[in-house]
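Some notes on the structure that comes next.
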2 protein chains.
Amino acid sequence: MHDLTKPPPRPAHRAARGHRWEGVEVRPYKEDERALFKTISRQILFCDPKLDSELRYFEVEPGGFSTLERHDHMHAVMVLHGRGHCLVGAEVRGIELHDLVIVPPWTWHQFRATAREKLGFLCMVNSHRDKPQLPTESDLAELRQDAAVASFLEGAPHPAEPSAKVTPAGSQH
Amino acid sequence: MHDLTKPPPRPAHRAARGHRWEGVEVRPYKEDERALFKTISRQILFCDPKLDSELRYFEVEPGGFSTLERHDHMHAVMVLHGRGHCLVGAEVRGIELHDLVIVPPWTWHQFRATAREKLGFLCMVNSHRDKPQLPTESDLAELRQDAAVASFLEGAPHPAEPSAKVTPAGSQH
């Protein structure tokens, strides 16, 4: 294992071009068809059996948003580009370059770009983790009791709602 | 655990000011007195019992460098500021904004700022990990057989060497 003449299993160095990286595929945000989201992509920057976590880069186009969800595992987020808003529990916050966001276990969360600027963020997550849970009608009703949360969520109604209408994110803030 | 009225255990959102963060202490790079390094600081951005990894930010002043070392655990690095050079195994590479560097297990590695610009980088690492190993004289001799590696290392001789003389990093590149 100390043989320096053996090449590492992958290139040690992968150059960045904007917010794309050598050898890193731009993937759909997620596979779950029930989840509601808009114009967001995913790139897996680091994933290895010897690493206990993954580092991903998510990019949300202007007006786009991630899925409103919760789970047992935590998210550790750093904004890498642009600005936006996030919901964590009952708290809505504006987020900017290099800001940090921690999503505690079983906490509803969502990330939104503003209407004019895309939002890019890193997300560190345990490699072994549970599947996200989507909100029920009752969960949404509870969340909407807070006016700021209700306003934040207005752009992304639950897919089960027949009157679901997607309005540009950021226009309420 | 679904009580939204309970505040999270720490602020969910910590704003960035340049490359400093709310509630994040700027710490010495490391405690090991035998290790050789120069003008480098450490900030722990994410560390939690529920996270299987930590995310740290290291900042190397112009001419500074991290310790030359190896260990079983991997490093997953992203450049967040400036530029520099890194050694990974037998490979010396220039690194720039948002470039990715993976350090495989038991691979000698070191990060250096250029003489004129500081280098800041994120490093994701398993929370449970082994202690770094420092190079012996024999390890250093083996590394120096490669001319590019020898040149890279010239600025940071092993502390055991009586003639150890620290010259500005970057001047050889």
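Convention: chains lettered A, B, ... in structure tokens order; per-chain residue numbering from 1; ligands numbered from 1 as shown.
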Legend entry - 9 Å contact set for stretch 9-23 of chain B, only C-alpha atoms, chain neighbours under 5 positions out, as a ChimeraX atom specification: /A:88-89,91,93,95-104 /B:43,45,57,59,80-81,120
Legend entry - strand (DSSP E) residues, from DSSP on the backbone, in chain B, as a PyMOL selection string: chain B and resi 13-14+16-17+20-21+27-28+38-46+53-65+75-82+84-88+91-95+100-103+109-113+119-126
Legend entry - Spatial neighbours of stretch 24-41 of chain B, 6 Å, only C-alpha atoms, chain gap at least 4 places, as a list in words: Phe58, Glu59, Val60, Glu61, Gly64, Phe65, Ser66 and Thr67 of chain B
Inset, instruction - Would you list, as an MDAnalysis selection string, the residues of stretch 4-151 of chain A that end up in alpha helix (DSSP H) under DSSP run on this structure's backbone? - result: chainID A and resid 137:143 147:151
Based on the selection just made, write N, CA, C and O atoms of those residues as a PDB file, in the first residue's frame.
ATOM      1  N   GLU A 137     -50.788  16.261   4.056  1.00  0.00           N
ATOM      2  CA  GLU A 137     -51.632  17.468   4.128  1.00  0.00           C
ATOM      3  C   GLU A 137     -51.605  18.065   5.536  1.00  0.00           C
ATOM      4  O   GLU A 137     -51.553  19.277   5.709  1.00  0.00           O
ATOM      5  N   SER A 138     -51.636  17.172   6.516  1.00  0.00           N
ATOM      6  CA  SER A 138     -51.633  17.615   7.914  1.00  0.00           C
ATOM      7  C   SER A 138     -50.306  18.301   8.280  1.00  0.00           C
ATOM      8  O   SER A 138     -50.276  19.312   8.974  1.00  0.00           O
ATOM      9  N   ASP A 139     -49.195  17.745   7.799  1.00  0.00           N
ATOM     10  CA  ASP A 139     -47.883  18.376   8.037  1.00  0.00           C
ATOM     11  C   ASP A 139     -47.849  19.779   7.423  1.00  0.00           C
ATOM     12  O   ASP A 139     -47.363  20.734   8.031  1.00  0.00           O
ATOM     13  N   LEU A 140     -48.367  19.880   6.192  1.00  0.00           N
ATOM     14  CA  LEU A 140     -48.357  21.175   5.508  1.00  0.00           C
ATOM     15  C   LEU A 140     -49.211  22.193   6.253  1.00  0.00           C
ATOM     16  O   LEU A 140     -48.824  23.361   6.400  1.00  0.00           O
ATOM     17  N   ALA A 141     -50.370  21.741   6.738  1.00  0.00           N
ATOM     18  CA  ALA A 141     -51.258  22.642   7.490  1.00  0.00           C
ATOM     19  C   ALA A 141     -50.545  23.160   8.737  1.00  0.00           C
ATOM     20  O   ALA A 141     -50.620  24.347   9.068  1.00  0.00           O
ATOM     21  N   GLU A 142     -49.826  22.246   9.410  1.00  0.00           N
ATOM     22  CA  GLU A 142     -49.100  22.645  10.609  1.00  0.00           C
ATOM     23  C   GLU A 142     -48.006  23.663  10.272  1.00  0.00           C
ATOM     24  O   GLU A 142     -47.834  24.676  10.957  1.00  0.00           O
ATOM     25  N   LEU A 143     -47.275  23.395   9.202  1.00  0.00           N
ATOM     26  CA  LEU A 143     -46.201  24.311   8.784  1.00  0.00           C
ATOM     27  C   LEU A 143     -46.754  25.685   8.437  1.00  0.00           C
ATOM     28  O   LEU A 143     -46.156  26.711   8.757  1.00  0.00           O
ATOM     29  N   ALA A 147     -46.780  32.387   9.540  1.00  0.00           N
ATOM     30  CA  ALA A 147     -47.005  33.216   8.345  1.00  0.00           C
ATOM     31  C   ALA A 147     -45.787  33.224   7.415  1.00  0.00           C
ATOM     32  O   ALA A 147     -45.926  33.132   6.191  1.00  0.00           O
ATOM     33  N   ALA A 148     -44.599  33.327   7.998  1.00  0.00           N
ATOM     34  CA  ALA A 148     -43.376  33.376   7.181  1.00  0.00           C
ATOM     35  C   ALA A 148     -43.166  32.051   6.446  1.00  0.00           C
ATOM     36  O   ALA A 148     -42.770  32.025   5.274  1.00  0.00           O
ATOM     37  N   VAL A 149     -43.442  30.963   7.152  1.00  0.00           N
ATOM     38  CA  VAL A 149     -43.295  29.646   6.534  1.00  0.00           C
ATOM     39  C   VAL A 149     -44.340  29.485   5.427  1.00  0.00           C
ATOM     40  O   VAL A 149     -44.036  29.004   4.326  1.00  0.00           O
ATOM     41  N   ALA A 150     -45.570  29.924   5.710  1.00  0.00           N
ATOM     42  CA  ALA A 150     -46.641  29.840   4.713  1.00  0.00           C
ATOM     43  C   ALA A 150     -46.267  30.595   3.446  1.00  0.00           C
ATOM     44  O   ALA A 150     -46.434  30.099   2.326  1.00  0.00           O
ATOM     45  N   SER A 151     -45.688  31.790   3.638  1.00  0.00           N
ATOM     46  CA  SER A 151     -45.279  32.613   2.507  1.00  0.00           C
ATOM     47  C   SER A 151     -44.166  31.929   1.716  1.00  0.00           C
ATOM     48  O   SER A 151     -44.176  31.898   0.483  1.00  0.00           O
TER      49      SER A 151
END
Legend entry - Exercise: B:His73 partners within 9 Å, only C-alpha atoms, chain neighbours under 6 positions left out, as a PyMOL selection string: (chain A and resi 50-51) or (chain B and resi 103-106+125-126+128-132)
Export of prior selection with all heavy atoms as an mmCIF file, in the first residue's frame:
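Here's the written file part_28.cif:
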data_model
loop_
_atom_site.group_PDB
_atom_site.id
_atom_site.type_symbol
_atom_site.label_atom_id
_atom_site.label_comp_id
_atom_site.auth_asym_id
_atom_site.auth_seq_id
_atom_site.Cartn_x
_atom_site.Cartn_y
_atom_site.Cartn_z
ATOM 1 N N LYS A 50 -14.450 4.298 1.200
ATOM 2 C CA LYS A 50 -13.624 4.653 2.373
ATOM 3 C C LYS A 50 -14.041 5.985 3.011
ATOM 4 O O LYS A 50 -13.530 6.352 4.068
ATOM 5 C CB LYS A 50 -12.150 4.747 1.964
ATOM 6 C CG LYS A 50 -11.437 3.422 1.771
ATOM 7 C CD LYS A 50 -10.907 2.831 3.074
ATOM 8 C CE LYS A 50 -9.699 3.606 3.599
ATOM 9 N NZ LYS A 50 -9.132 2.959 4.813
ATOM 10 N N LEU A 51 -14.913 6.727 2.347
ATOM 11 C CA LEU A 51 -15.424 7.983 2.924
ATOM 12 C C LEU A 51 -16.776 7.703 3.567
ATOM 13 O O LEU A 51 -17.657 7.110 2.926
ATOM 14 C CB LEU A 51 -15.585 9.057 1.842
ATOM 15 C CG LEU A 51 -14.305 9.641 1.236
ATOM 16 C CD1 LEU A 51 -14.645 10.562 0.063
ATOM 17 C CD2 LEU A 51 -13.494 10.396 2.288
ATOM 18 N N VAL B 103 -7.330 12.570 -1.596
ATOM 19 C CA VAL B 103 -6.097 11.972 -1.086
ATOM 20 C C VAL B 103 -6.423 10.543 -0.678
ATOM 21 O O VAL B 103 -7.114 10.321 0.324
ATOM 22 C CB VAL B 103 -5.532 12.755 0.114
ATOM 23 C CG1 VAL B 103 -4.265 12.091 0.641
ATOM 24 C CG2 VAL B 103 -5.249 14.209 -0.263
ATOM 25 N N PRO B 104 -5.956 9.544 -1.466
ATOM 26 C CA PRO B 104 -6.259 8.142 -1.137
ATOM 27 C C PRO B 104 -5.542 7.715 0.148
ATOM 28 O O PRO B 104 -4.636 8.405 0.618
ATOM 29 C CB PRO B 104 -5.711 7.372 -2.347
ATOM 30 C CG PRO B 104 -5.485 8.390 -3.422
ATOM 31 C CD PRO B 104 -5.167 9.673 -2.699
ATOM 32 N N PRO B 105 -5.949 6.577 0.718
ATOM 33 C CA PRO B 105 -5.304 6.085 1.940
ATOM 34 C C PRO B 105 -3.793 5.926 1.763
ATOM 35 O O PRO B 105 -3.325 5.549 0.695
ATOM 36 C CB PRO B 105 -5.970 4.732 2.173
ATOM 37 C CG PRO B 105 -7.285 4.832 1.484
ATOM 38 C CD PRO B 105 -7.056 5.711 0.299
ATOM 39 N N TRP B 106 -3.055 6.204 2.808
ATOM 40 C CA TRP B 106 -1.604 5.992 2.882
ATOM 41 C C TRP B 106 -0.847 6.662 1.745
ATOM 42 O O TRP B 106 0.107 6.113 1.212
ATOM 43 C CB TRP B 106 -1.275 4.497 2.957
ATOM 44 C CG TRP B 106 -1.780 3.935 4.233
ATOM 45 C CD1 TRP B 106 -2.804 3.047 4.390
ATOM 46 C CD2 TRP B 106 -1.322 4.259 5.551
ATOM 47 N NE1 TRP B 106 -3.023 2.802 5.733
ATOM 48 C CE2 TRP B 106 -2.118 3.533 6.461
ATOM 49 C CE3 TRP B 106 -0.320 5.093 6.060
ATOM 50 C CZ2 TRP B 106 -1.949 3.634 7.839
ATOM 51 C CZ3 TRP B 106 -0.148 5.187 7.433
ATOM 52 C CH2 TRP B 106 -0.948 4.449 8.299
ATOM 53 N N VAL B 125 -13.590 14.912 5.992
ATOM 54 C CA VAL B 125 -12.811 13.829 6.576
ATOM 55 C C VAL B 125 -13.726 13.010 7.494
ATOM 56 O O VAL B 125 -14.640 13.566 8.120
ATOM 57 C CB VAL B 125 -11.606 14.455 7.340
ATOM 58 C CG1 VAL B 125 -12.024 15.084 8.645
ATOM 59 C CG2 VAL B 125 -10.494 13.477 7.550
ATOM 60 N N ASN B 126 -13.522 11.693 7.562
ATOM 61 C CA ASN B 126 -14.313 10.861 8.469
ATOM 62 C C ASN B 126 -14.156 11.351 9.911
ATOM 63 O O ASN B 126 -13.044 11.696 10.332
ATOM 64 C CB ASN B 126 -13.853 9.402 8.413
ATOM 65 C CG ASN B 126 -14.160 8.739 7.082
ATOM 66 O OD1 ASN B 126 -14.895 9.290 6.250
ATOM 67 N ND2 ASN B 126 -13.601 7.562 6.875
ATOM 68 N N HIS B 128 -14.372 9.533 12.589
ATOM 69 C CA HIS B 128 -13.504 8.555 13.253
ATOM 70 C C HIS B 128 -12.363 8.217 12.305
ATOM 71 O O HIS B 128 -12.597 7.632 11.253
ATOM 72 C CB HIS B 128 -14.289 7.296 13.626
ATOM 73 C CG HIS B 128 -15.418 7.603 14.563
ATOM 74 N ND1 HIS B 128 -15.217 7.884 15.896
ATOM 75 C CD2 HIS B 128 -16.746 7.727 14.345
ATOM 76 C CE1 HIS B 128 -16.378 8.134 16.468
ATOM 77 N NE2 HIS B 128 -17.324 8.059 15.550
ATOM 78 N N ARG B 129 -11.157 8.610 12.688
ATOM 79 C CA ARG B 129 -10.024 8.437 11.772
ATOM 80 C C ARG B 129 -8.733 8.216 12.546
ATOM 81 O O ARG B 129 -8.631 8.533 13.732
ATOM 82 C CB ARG B 129 -9.904 9.661 10.863
ATOM 83 C CG ARG B 129 -9.728 10.972 11.617
ATOM 84 C CD ARG B 129 -9.805 12.162 10.669
ATOM 85 N NE ARG B 129 -9.574 13.417 11.353
ATOM 86 C CZ ARG B 129 -10.544 14.165 11.932
ATOM 87 N NH1 ARG B 129 -11.798 13.749 11.910
ATOM 88 N NH2 ARG B 129 -10.245 15.291 12.534
ATOM 89 N N ASP B 130 -7.741 7.669 11.826
ATOM 90 C CA ASP B 130 -6.436 7.395 12.448
ATOM 91 C C ASP B 130 -5.579 8.660 12.478
ATOM 92 O O ASP B 130 -5.860 9.635 11.791
ATOM 93 C CB ASP B 130 -5.724 6.264 11.687
ATOM 94 C CG ASP B 130 -5.455 6.619 10.233
ATOM 95 O OD1 ASP B 130 -6.308 7.310 9.613
ATOM 96 O OD2 ASP B 130 -4.403 6.238 9.711
ATOM 97 N N LYS B 131 -4.515 8.594 13.282
ATOM 98 C CA LYS B 131 -3.588 9.729 13.394
ATOM 99 C C LYS B 131 -2.638 9.743 12.191
ATOM 100 O O LYS B 131 -2.211 8.687 11.725
ATOM 101 C CB LYS B 131 -2.758 9.591 14.686
ATOM 102 C CG LYS B 131 -3.495 10.070 15.920
ATOM 103 C CD LYS B 131 -2.528 10.124 17.104
ATOM 104 C CE LYS B 131 -3.259 10.303 18.422
ATOM 105 N NZ LYS B 131 -3.915 11.581 18.584
ATOM 106 N N PRO B 132 -2.285 10.941 11.737
ATOM 107 C CA PRO B 132 -1.340 11.028 10.607
ATOM 108 C C PRO B 132 0.049 10.505 10.967
ATOM 109 O O PRO B 132 0.468 10.576 12.123
ATOM 110 C CB PRO B 132 -1.277 12.530 10.318
ATOM 111 C CG PRO B 132 -2.486 13.118 10.948
ATOM 112 C CD PRO B 132 -2.778 12.263 12.142
#
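The space between atom CA of B:Ser127 and atom CA of B:Glu69 spans 18.2 Å.
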Inset, instruction - Using only C-alpha atoms, pick whichever of A:Leu119, A:Leu134, A:Ala113, A:Met74 has the shortest atom-to-atom distance to chain B. - result: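 The shortest atom-to-atom distance to chain B comes from A:Met74.
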Legend entry - Residues within 9 Å of B:Arg116, only C-alpha atoms, excluding chain neighbours under 2 positions, as a ChimeraX atom specification: /B:61-63,113-114,118,170
